[in-house]
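Okay, structure first, notes after.
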Amino acid sequence: MTALLAPARPEAPKIVRWRRWRAPGGTAVLVAAGYLVLLSLAAVGAPLVAPHDPYVQDLAHLNAPPSAAHWLGQDDLGRDILSRVIFGARVSLASSLLAVGLAMLVAVPVGLISGFFGGIVDAILMRIVDGIQSIPPLVLALVITGLLGPSLRNIVIALAVIFSPTFIRLTRGQTLAVREETYVEASKSIGSAPLWVIRRRVLRNVGSPLIVQASTSLGFGLLAEAGLSFLGLGIQPPQASWGVMLNRAYAALFTAGWEVLPPGLAIVLTVLAFNVLGDGLRDRLARRDGLR
Amino acid sequence: MLTFVARRLAGLIPLLFVISLAVFSMVYLVPGDPAVALAGGENATPERVLQIRQQLGLDQPLISQYLNWLADVVHGQFGSSLFTGRTVSSELSTRFPVTASLILGSLIVALLVGVPLGLAGGMRPGSWVDRGVTGLVSIGIAMPGFWLAMVLILVFGLNLRWFPVRGYTAFAVSPTDWAYRLVLPSVALGTLMAATLARQLRGALADVLDSDYVRTARAKGLPARRVVGKHALKNAAMPAVTVLGLQVAYLFGGTVITEQIFGIPGVGTYLVNAIIGQDVPVIQGAVTVLAVLVVLVNLVVDLTYGYLNPKVRVA
C-alpha cells in the first residue's frame with residue numbers, strides 16, 4: 001500500500017543527515033569505519049606499507065623485542081612482526097570477506113525460495129538449516145577444513161557453510177513478510193509474475209539487514225580464521241595470517257610471551273570495529289525506517 | 001503444555017535425521033578415494049587400504065553404509081579409531097566428564113561476571129557505569145577466547161604464578177585441585193558468554209525499567225531495589241536465559257581450542273587430534289555427541305520457556 005502511494009522519500013537536508021550519523025555513538029561508528037578503511041588500504045598496499053619483507057629471516061635476532069628498526073619486534077625466526085601483521089591482514093581479511101560473499105551468494109536465493117514457496121520446500125530447507133546450526137560452528141569449520149585439507153579456498157568454503165544459516169533465515173523472514181503485503185496481492189491481480197515482484201521488493205528490503213549481518217559476520221570470520229589457523233588447520237606457514245602468527249606466538253609463549261600481543265590486538269581491534277560498525281548501521285537503519 | 005512438549009519432541013526426528021546425514025557424509029569430504037587417502041595417500045599399502053575400506057564399510061552400497069552406520073550410532077557404537085583401535089564410545093565416555101567440568105566452570109564464570117555487569121549497566125542506562133559496561137562487553141565479544149587464554153597464562157601463570165598453566169585433575173582425585181586447575185580455562189572460555197549475557201540483560205532491563213508497570217511501581221513509592229528485584233528482573237531474565245541456551249553451541253565449539261591450550265584431555269582435544277589425523281570414526285562420533293548435546297540443551301531451553309511463558313506454546 002505505502003509502496004504504491006507514497007512518493008519518493010524527500011531527501012533530508014544535509015545538516016539533518018549529518019546529525020543522524022552523529023547521533024548516539026556516532027563518533028565510535030566513524031572511528032570504526034575510518035580504522036577499517038585504513039586497515040584495508042594497508043592490506044591492499046602491504047608491499048608498499050610494510051617496512052620489511054615478511055618472509056626474510058634474521059637468525060641473529062630470534063624473538064628480539066621491539067627496536068627502532070623493528071617496531072613490534074621479531075618473531076621466532078627473526079622475521080619483522082609489524083610487516084607480518086600487515087601482510088597477515090591481507091589473508092585474514094580476504095578469507096573473511098570471500099567467505100561472507102560466498103555465503104550470501106548461496107544463502108540469499110535459498111532464503112528467497114524457502115520463504116516464497118513455503119510448505120514442504122520451506123520445511124525441508126529449514127530442517128537442513130537447523131541441522132547445520134546444531135553442530136557448533138567452529139567444530140563444523142574445523143571438520144570441513146581438516147577433511148578437505150587446509151588451504152585458503154577450503155577455509156572460505158568452511159566459513160561460508162557456517163555463515164549461511166543466518167543469511168538464509170534473514171532472507172526467508174523478509175520474504176515471508178513481503179509476501180503478505182497488499183501490493184504483492186495487487187501485482188498478482190494485475191498479472192505480474194509474483195516471484196519477480198517479490199524478488200525485487202525483498203532484495204530492497206533485505207538489503208539493510210544483510211549489510212548489518214555481513215558486518216558482524218566479517219568480524220566472526222576473522223575470529224574463526226584465527227582459530228583454524230591457530231590449530232594448524234587453516235592458513236599454512238610460512239604465509240602470514242593473524243591466526244598463524246598466534247600459533248607461532250603460542251609456541252614461543254614461555255620464552256617471548258609478548259609476541260601474542262600484536263596479532264591478538266589486531267584481531268580484537270578489527271572485530272571490534274566490524275561490530276561497532278554493524279551495531280551503528282543497525283541503529284541508523286532502524287531510525288530511518290522508523291521515520292518512514 | 002502436553003501438546004507443546006509432544007510437538008517439540010516430534011520436531012527432533014527430522015532434525016536428528018539431518019544431523020546424522022551430515023555427519024555420515026563427512027567421510028566423503030576427504031578428496032579422492034577416502035580409503036586410499038585415509039590409509040596414507042600414495043604410499044598406502046593395499047592391505048591397509050582394504051582394511052580401512054572394510055572398517056568404514058566403504059565397500060558397500062551407499063544406502064546400506066548409511067543404514068549400518070546409523071544402526072550402530074543409535075546403539076551408541078561409533079566404531080573405533082583408525083590408529084589406536086580403541087572404541088570411540090569408551091574414549092568419549094572417559095573424556096566427557098572432563099569437558100563437562102570445563103563447561104560448568106565457564107557457565108559459573110558467565111553468571112558471576114555477566115549478571116552483575118548487566119544489572120549495573122541496565123539499572124542506569126546512559127550513565128558512566130553503563131558506558132563502562134558496554135565498552136567491556138564489546139571487547140569481551142571481540143576477543144578470541146584462545147588469545148585471552150594465552151594472555152591469562154602469561155599474566156597469572158608465568159608472571160604472578162597464581163595458577164598452573166597446563167593440565168587437569170579429576171574431581172574424584174582431588175576436588176580442590178580440580179577446581180583450582182579449571183579457573184583459568186573457565187575464565188578464558190566463559191568470557192564470551194559473560195559478555196553476551198551482560199549485553200542481553202542490560203538491554204532487557206533498560207527496556208523493562210522504561211515500561212509503564214515499573215513506573216507505576218515506582219510511583220507508589222516502592223524502593224528501587226524492590227522495583228528491580230521483584231518486578232523488572234523477572235521479565236528481563238527471560239531473553240537472557242534464552243541467549244544462554246543458544247550460546248551453548250558456541251561454548252562447545254570453544255572447548256575445542258581451550259582444551260588444546262591448557263592441555264585438558266577432554267572431548268575437544270580428542271576431536272582436534274582426530275581432525276588433524278583424519279581419523280574419521282572419531283570425528284563422526286565426537287561431532288554426533290556434540291550436536292546431540294546442543295539439540296538437547298536447546299530443547300530444554302525451549303520447554304522451560306514454554307513452561308514459563310504460556311504465549312509461546314501456541315506458536
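Note on naming: chains are A, B, ... as they come in the C-alpha cells, residues start from 1 per chain, ligands start from 1 in the order shown.
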
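All of the residues in chain B within 6 Å of chain A are Leu15, Val18, Ile19, Leu29, Val30, Ala142, Met143, Pro144, Ala249, Tyr250, Gly253, Ile275, Ala291 and Val294 of chain B, where only C-alpha atoms were counted.
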
With N, CA, C and O atoms retained, export the selected residues as a PDB file, in the first residue's frame.
```
ATOM      1  N   LEU B  15      15.217 -33.295  12.636  1.00  0.00           N
ATOM      2  CA  LEU B  15      16.470 -32.619  12.961  1.00  0.00           C
ATOM      3  C   LEU B  15      17.605 -33.624  13.141  1.00  0.00           C
ATOM      4  O   LEU B  15      18.688 -33.486  12.559  1.00  0.00           O
ATOM      5  N   VAL B  18      18.698 -35.054   9.818  1.00  0.00           N
ATOM      6  CA  VAL B  18      19.586 -34.175   9.059  1.00  0.00           C
ATOM      7  C   VAL B  18      21.005 -34.226   9.633  1.00  0.00           C
ATOM      8  O   VAL B  18      21.994 -34.340   8.898  1.00  0.00           O
ATOM      9  N   ILE B  19      21.093 -34.182  10.969  1.00  0.00           N
ATOM     10  CA  ILE B  19      22.418 -34.229  11.599  1.00  0.00           C
ATOM     11  C   ILE B  19      23.121 -35.535  11.239  1.00  0.00           C
ATOM     12  O   ILE B  19      24.300 -35.539  10.874  1.00  0.00           O
ATOM     13  N   LEU B  29      34.019 -35.965   2.369  1.00  0.00           N
ATOM     14  CA  LEU B  29      34.714 -34.689   2.177  1.00  0.00           C
ATOM     15  C   LEU B  29      36.179 -34.928   1.844  1.00  0.00           C
ATOM     16  O   LEU B  29      36.829 -34.103   1.216  1.00  0.00           O
ATOM     17  N   VAL B  30      36.707 -36.080   2.286  1.00  0.00           N
ATOM     18  CA  VAL B  30      38.108 -36.385   2.012  1.00  0.00           C
ATOM     19  C   VAL B  30      38.288 -36.508   0.503  1.00  0.00           C
ATOM     20  O   VAL B  30      37.579 -37.273  -0.137  1.00  0.00           O
ATOM     21  N   ALA B 142      34.621  -9.250  21.138  1.00  0.00           N
ATOM     22  CA  ALA B 142      35.556  -9.177  20.010  1.00  0.00           C
ATOM     23  C   ALA B 142      36.815 -10.008  20.232  1.00  0.00           C
ATOM     24  O   ALA B 142      37.622 -10.166  19.322  1.00  0.00           O
ATOM     25  N   MET B 143      36.977 -10.535  21.434  1.00  0.00           N
ATOM     26  CA  MET B 143      38.240 -11.178  21.774  1.00  0.00           C
ATOM     27  C   MET B 143      38.198 -12.666  21.452  1.00  0.00           C
ATOM     28  O   MET B 143      37.268 -13.348  21.859  1.00  0.00           O
ATOM     29  N   PRO B 144      39.197 -13.197  20.729  1.00  0.00           N
ATOM     30  CA  PRO B 144      39.226 -14.652  20.549  1.00  0.00           C
ATOM     31  C   PRO B 144      39.512 -15.304  21.899  1.00  0.00           C
ATOM     32  O   PRO B 144      40.449 -14.908  22.581  1.00  0.00           O
ATOM     33  N   ALA B 249      26.042 -23.768  21.983  1.00  0.00           N
ATOM     34  CA  ALA B 249      26.730 -24.323  20.812  1.00  0.00           C
ATOM     35  C   ALA B 249      28.128 -23.703  20.667  1.00  0.00           C
ATOM     36  O   ALA B 249      29.094 -24.397  20.393  1.00  0.00           O
ATOM     37  N   TYR B 250      28.191 -22.375  20.889  1.00  0.00           N
ATOM     38  CA  TYR B 250      29.488 -21.716  20.787  1.00  0.00           C
ATOM     39  C   TYR B 250      30.435 -22.194  21.880  1.00  0.00           C
ATOM     40  O   TYR B 250      31.623 -22.347  21.676  1.00  0.00           O
ATOM     41  N   GLY B 253      31.913 -25.400  20.934  1.00  0.00           N
ATOM     42  CA  GLY B 253      32.939 -25.149  19.931  1.00  0.00           C
ATOM     43  C   GLY B 253      34.209 -24.609  20.574  1.00  0.00           C
ATOM     44  O   GLY B 253      35.314 -25.001  20.231  1.00  0.00           O
ATOM     45  N   ILE B 275      40.881 -34.733  13.928  1.00  0.00           N
ATOM     46  CA  ILE B 275      40.758 -33.968  12.686  1.00  0.00           C
ATOM     47  C   ILE B 275      42.124 -33.848  12.023  1.00  0.00           C
ATOM     48  O   ILE B 275      42.263 -34.039  10.812  1.00  0.00           O
ATOM     49  N   ALA B 291      26.679 -32.422  18.712  1.00  0.00           N
ATOM     50  CA  ALA B 291      25.455 -31.910  18.092  1.00  0.00           C
ATOM     51  C   ALA B 291      24.218 -32.339  18.881  1.00  0.00           C
ATOM     52  O   ALA B 291      23.306 -31.542  19.110  1.00  0.00           O
ATOM     53  N   VAL B 294      23.877 -30.205  21.904  1.00  0.00           N
ATOM     54  CA  VAL B 294      23.340 -28.882  21.576  1.00  0.00           C
ATOM     55  C   VAL B 294      21.831 -28.968  21.386  1.00  0.00           C
ATOM     56  O   VAL B 294      21.067 -28.142  21.907  1.00  0.00           O
TER      57      VAL B 294
END
```

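Residues within 9 Å of Ala89 of chain A, counting only C-alpha atoms and excluding same-chain residues fewer than 2 positions away, are A:Leu39, A:Ser40, A:Ala42, A:Ala43, A:Val44, A:Ala46, A:Arg84, A:Val85, A:Ile86, A:Phe87, A:Val91, A:Ser92, A:Leu93, A:Ala94, A:Ala240, A:Ser241, A:Trp242, A:Ala266.
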
Let me see the file: selected residues, all heavy atoms, as a short mmCIF file (atom, residue, chain, number, x, y, z; two decimals), in the first residue's frame.
```
data_model
loop_
_atom_site.label_atom_id
_atom_site.label_comp_id
_atom_site.auth_asym_id
_atom_site.auth_seq_id
_atom_site.Cartn_x
_atom_site.Cartn_y
_atom_site.Cartn_z
N LEU A 39 42.89 0.12 7.47
CA LEU A 39 43.39 -1.26 7.51
C LEU A 39 43.32 -1.91 6.13
O LEU A 39 44.26 -2.57 5.69
CB LEU A 39 42.57 -2.08 8.52
CG LEU A 39 43.04 -3.52 8.71
CD1 LEU A 39 44.35 -3.55 9.47
CD2 LEU A 39 41.98 -4.35 9.43
N SER A 40 42.19 -1.69 5.44
CA SER A 40 42.05 -2.28 4.11
C SER A 40 43.10 -1.71 3.16
O SER A 40 43.70 -2.45 2.37
CB SER A 40 40.65 -2.00 3.54
OG SER A 40 39.69 -2.27 4.51
N ALA A 42 46.02 -0.56 3.99
CA ALA A 42 47.31 -1.14 4.36
C ALA A 42 47.41 -2.57 3.85
O ALA A 42 48.47 -3.01 3.39
CB ALA A 42 47.48 -1.11 5.88
N ALA A 43 46.30 -3.30 3.91
CA ALA A 43 46.32 -4.70 3.46
C ALA A 43 46.55 -4.77 1.96
O ALA A 43 47.39 -5.53 1.48
CB ALA A 43 45.01 -5.39 3.83
N VAL A 44 45.82 -3.94 1.21
CA VAL A 44 45.96 -3.95 -0.25
C VAL A 44 47.37 -3.51 -0.64
O VAL A 44 48.02 -4.12 -1.49
CB VAL A 44 44.90 -3.04 -0.90
CG1 VAL A 44 45.16 -2.89 -2.39
CG2 VAL A 44 43.52 -3.59 -0.66
N ALA A 46 50.09 -3.69 1.06
CA ALA A 46 51.05 -4.23 2.02
C ALA A 46 52.51 -4.13 1.57
O ALA A 46 53.36 -3.72 2.36
CB ALA A 46 50.68 -5.68 2.37
N ARG A 84 54.63 -8.63 9.25
CA ARG A 84 53.79 -9.83 9.17
C ARG A 84 52.35 -9.53 9.57
O ARG A 84 51.42 -10.12 9.03
CB ARG A 84 54.39 -10.95 10.03
CG ARG A 84 55.63 -11.56 9.37
CD ARG A 84 56.21 -12.72 10.14
NE ARG A 84 55.40 -13.94 10.10
CZ ARG A 84 55.31 -14.75 9.05
NH1 ARG A 84 55.93 -14.46 7.93
NH2 ARG A 84 54.58 -15.85 9.11
N VAL A 85 52.17 -8.58 10.52
CA VAL A 85 50.81 -8.19 10.88
C VAL A 85 50.13 -7.55 9.66
O VAL A 85 48.98 -7.83 9.35
CB VAL A 85 50.80 -7.22 12.08
CG1 VAL A 85 49.42 -6.60 12.26
CG2 VAL A 85 51.20 -7.95 13.35
N ILE A 86 50.89 -6.70 8.94
CA ILE A 86 50.31 -6.01 7.78
C ILE A 86 49.99 -7.00 6.66
O ILE A 86 48.90 -6.98 6.09
CB ILE A 86 51.26 -4.90 7.29
CG1 ILE A 86 51.39 -3.81 8.37
CG2 ILE A 86 50.74 -4.28 6.00
CD1 ILE A 86 52.44 -2.78 8.09
N PHE A 87 50.94 -7.89 6.38
CA PHE A 87 50.67 -8.90 5.35
C PHE A 87 49.61 -9.88 5.82
O PHE A 87 48.80 -10.37 5.03
CB PHE A 87 51.96 -9.65 4.97
CG PHE A 87 52.73 -8.97 3.88
CD1 PHE A 87 53.64 -7.96 4.17
CD2 PHE A 87 52.51 -9.31 2.55
CE1 PHE A 87 54.34 -7.32 3.16
CE2 PHE A 87 53.21 -8.67 1.53
CZ PHE A 87 54.13 -7.67 1.84
N VAL A 91 45.53 -11.74 4.25
CA VAL A 91 44.99 -13.09 4.24
C VAL A 91 43.77 -13.17 5.14
O VAL A 91 42.73 -13.74 4.77
CB VAL A 91 46.07 -14.09 4.70
CG1 VAL A 91 45.52 -15.50 4.69
CG2 VAL A 91 47.28 -13.98 3.82
N SER A 92 43.87 -12.58 6.35
CA SER A 92 42.77 -12.69 7.31
C SER A 92 41.53 -11.99 6.77
O SER A 92 40.43 -12.55 6.82
CB SER A 92 43.18 -12.10 8.66
OG SER A 92 44.25 -12.85 9.21
N LEU A 93 41.69 -10.77 6.26
CA LEU A 93 40.54 -10.04 5.75
C LEU A 93 39.98 -10.72 4.50
O LEU A 93 38.77 -10.83 4.34
CB LEU A 93 40.92 -8.59 5.41
CG LEU A 93 41.17 -7.66 6.60
CD1 LEU A 93 41.61 -6.29 6.10
CD2 LEU A 93 39.93 -7.51 7.45
N ALA A 94 40.89 -11.18 3.62
CA ALA A 94 40.42 -11.79 2.38
C ALA A 94 39.60 -13.04 2.67
O ALA A 94 38.52 -13.23 2.09
CB ALA A 94 41.60 -12.14 1.49
N ALA A 240 51.71 -15.54 6.21
CA ALA A 240 51.30 -14.88 7.44
C ALA A 240 49.80 -14.65 7.44
O ALA A 240 49.25 -14.17 6.46
CB ALA A 240 52.03 -13.56 7.60
N SER A 241 49.14 -15.08 8.52
CA SER A 241 47.79 -14.59 8.80
C SER A 241 47.81 -14.36 10.31
O SER A 241 48.72 -14.84 10.99
CB SER A 241 46.72 -15.60 8.42
OG SER A 241 46.54 -16.55 9.44
N TRP A 242 46.81 -13.65 10.82
CA TRP A 242 46.86 -13.37 12.26
C TRP A 242 46.78 -14.65 13.08
O TRP A 242 47.38 -14.77 14.14
CB TRP A 242 45.75 -12.37 12.62
CG TRP A 242 46.00 -11.02 12.00
CD1 TRP A 242 47.20 -10.55 11.53
CD2 TRP A 242 45.05 -9.97 11.78
NE1 TRP A 242 47.04 -9.29 11.03
CE2 TRP A 242 45.74 -8.90 11.17
CE3 TRP A 242 43.69 -9.83 12.04
CZ2 TRP A 242 45.12 -7.72 10.81
CZ3 TRP A 242 43.06 -8.64 11.69
CH2 TRP A 242 43.78 -7.59 11.07
N ALA A 266 45.48 -6.94 16.96
CA ALA A 266 44.97 -6.66 15.61
C ALA A 266 43.60 -7.31 15.44
O ALA A 266 42.66 -6.69 14.92
CB ALA A 266 45.95 -7.19 14.56
#
```

Note to self: Show me, as a PyMOL selection string, the residues that have an atom within 12 Å of Leu210 of chain A when counting only C-alpha atoms, minus same-chain residues fewer than 5 positions from it.
What the structure shows: chain A and resi 100-101+103-105+107-108+111+163-164+166-174+202-205+215-218+278+281-282+285

Note to self: Just want the 7 Å neighbourhood of Gly266 of chain B, counted on only C-alpha atoms, with same-chain residues fewer than 3 positions away dropped. Output as JSON, numbers by chain.
What the structure shows: {"B": [95, 96, 98, 99, 259, 269, 270]}

Item checked: Residue set, segment 31-126 of chain A restricted to helix (DSSP H, G or I), as a PyMOL selection string -> chain A and resi 31-44+46-49+59-61+81-117+119-126

Next item on the list: Identify, on the basis of only C-alpha atoms, every residue whose closest approach to segment 234-238 of chain B does not exceed 7 Å; exclude the query and any residue fewer than 6 positions from it along the same chain; express the result as a list of chain:residue names.
Entry: B:Leu201, B:Ala204, B:Leu205, B:Val208

Please write the residues from the selection above to a file, keeping N, CA, C and O atoms, as a compact mmCIF listing (two decimals), in the first residue's frame.
```txt
# COMPACT_ATOMS: atom_id res chain seq x y z
N LEU B 201 21.10 -8.84 29.23
CA LEU B 201 20.46 -8.46 30.48
C LEU B 201 20.35 -6.95 30.57
O LEU B 201 19.32 -6.40 30.97
N ALA B 204 17.58 -5.78 28.13
CA ALA B 204 16.25 -6.16 28.58
C ALA B 204 15.84 -5.36 29.81
O ALA B 204 14.71 -4.87 29.90
N LEU B 205 16.78 -5.19 30.74
CA LEU B 205 16.46 -4.46 31.98
C LEU B 205 16.15 -3.00 31.68
O LEU B 205 15.20 -2.43 32.22
N VAL B 208 12.66 -2.84 30.27
CA VAL B 208 11.62 -3.11 31.25
C VAL B 208 11.47 -1.92 32.20
O VAL B 208 10.36 -1.51 32.54
```

Check: Between atom CA of Gly78 of chain A and atom CA of Asp58 of chain A, what is the spacing in Å?
Finding: 4.3 Å

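Distance-wise, atom CA of Gly132 of chain B and atom CA of Ile103 of chain B end up 27.4 Å apart.
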
Margin query: Please compute the atom CA of Ala6 of chain B-atom CA of Leu125 of chain A distance, one decimal, in Å.
Written below: 22.3 Å

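Closest approach to Thr258 of chain B from the set B:Leu197, B:Leu148, B:Ile276, B:Val73 is made by B:Leu148, with distances taken over only C-alpha atoms.
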
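If you measure from each of B:Val36, B:Val151, B:Val109, B:Leu62 to Pro262 of chain A using only C-alpha atoms, the closest one turns out to be B:Val151.
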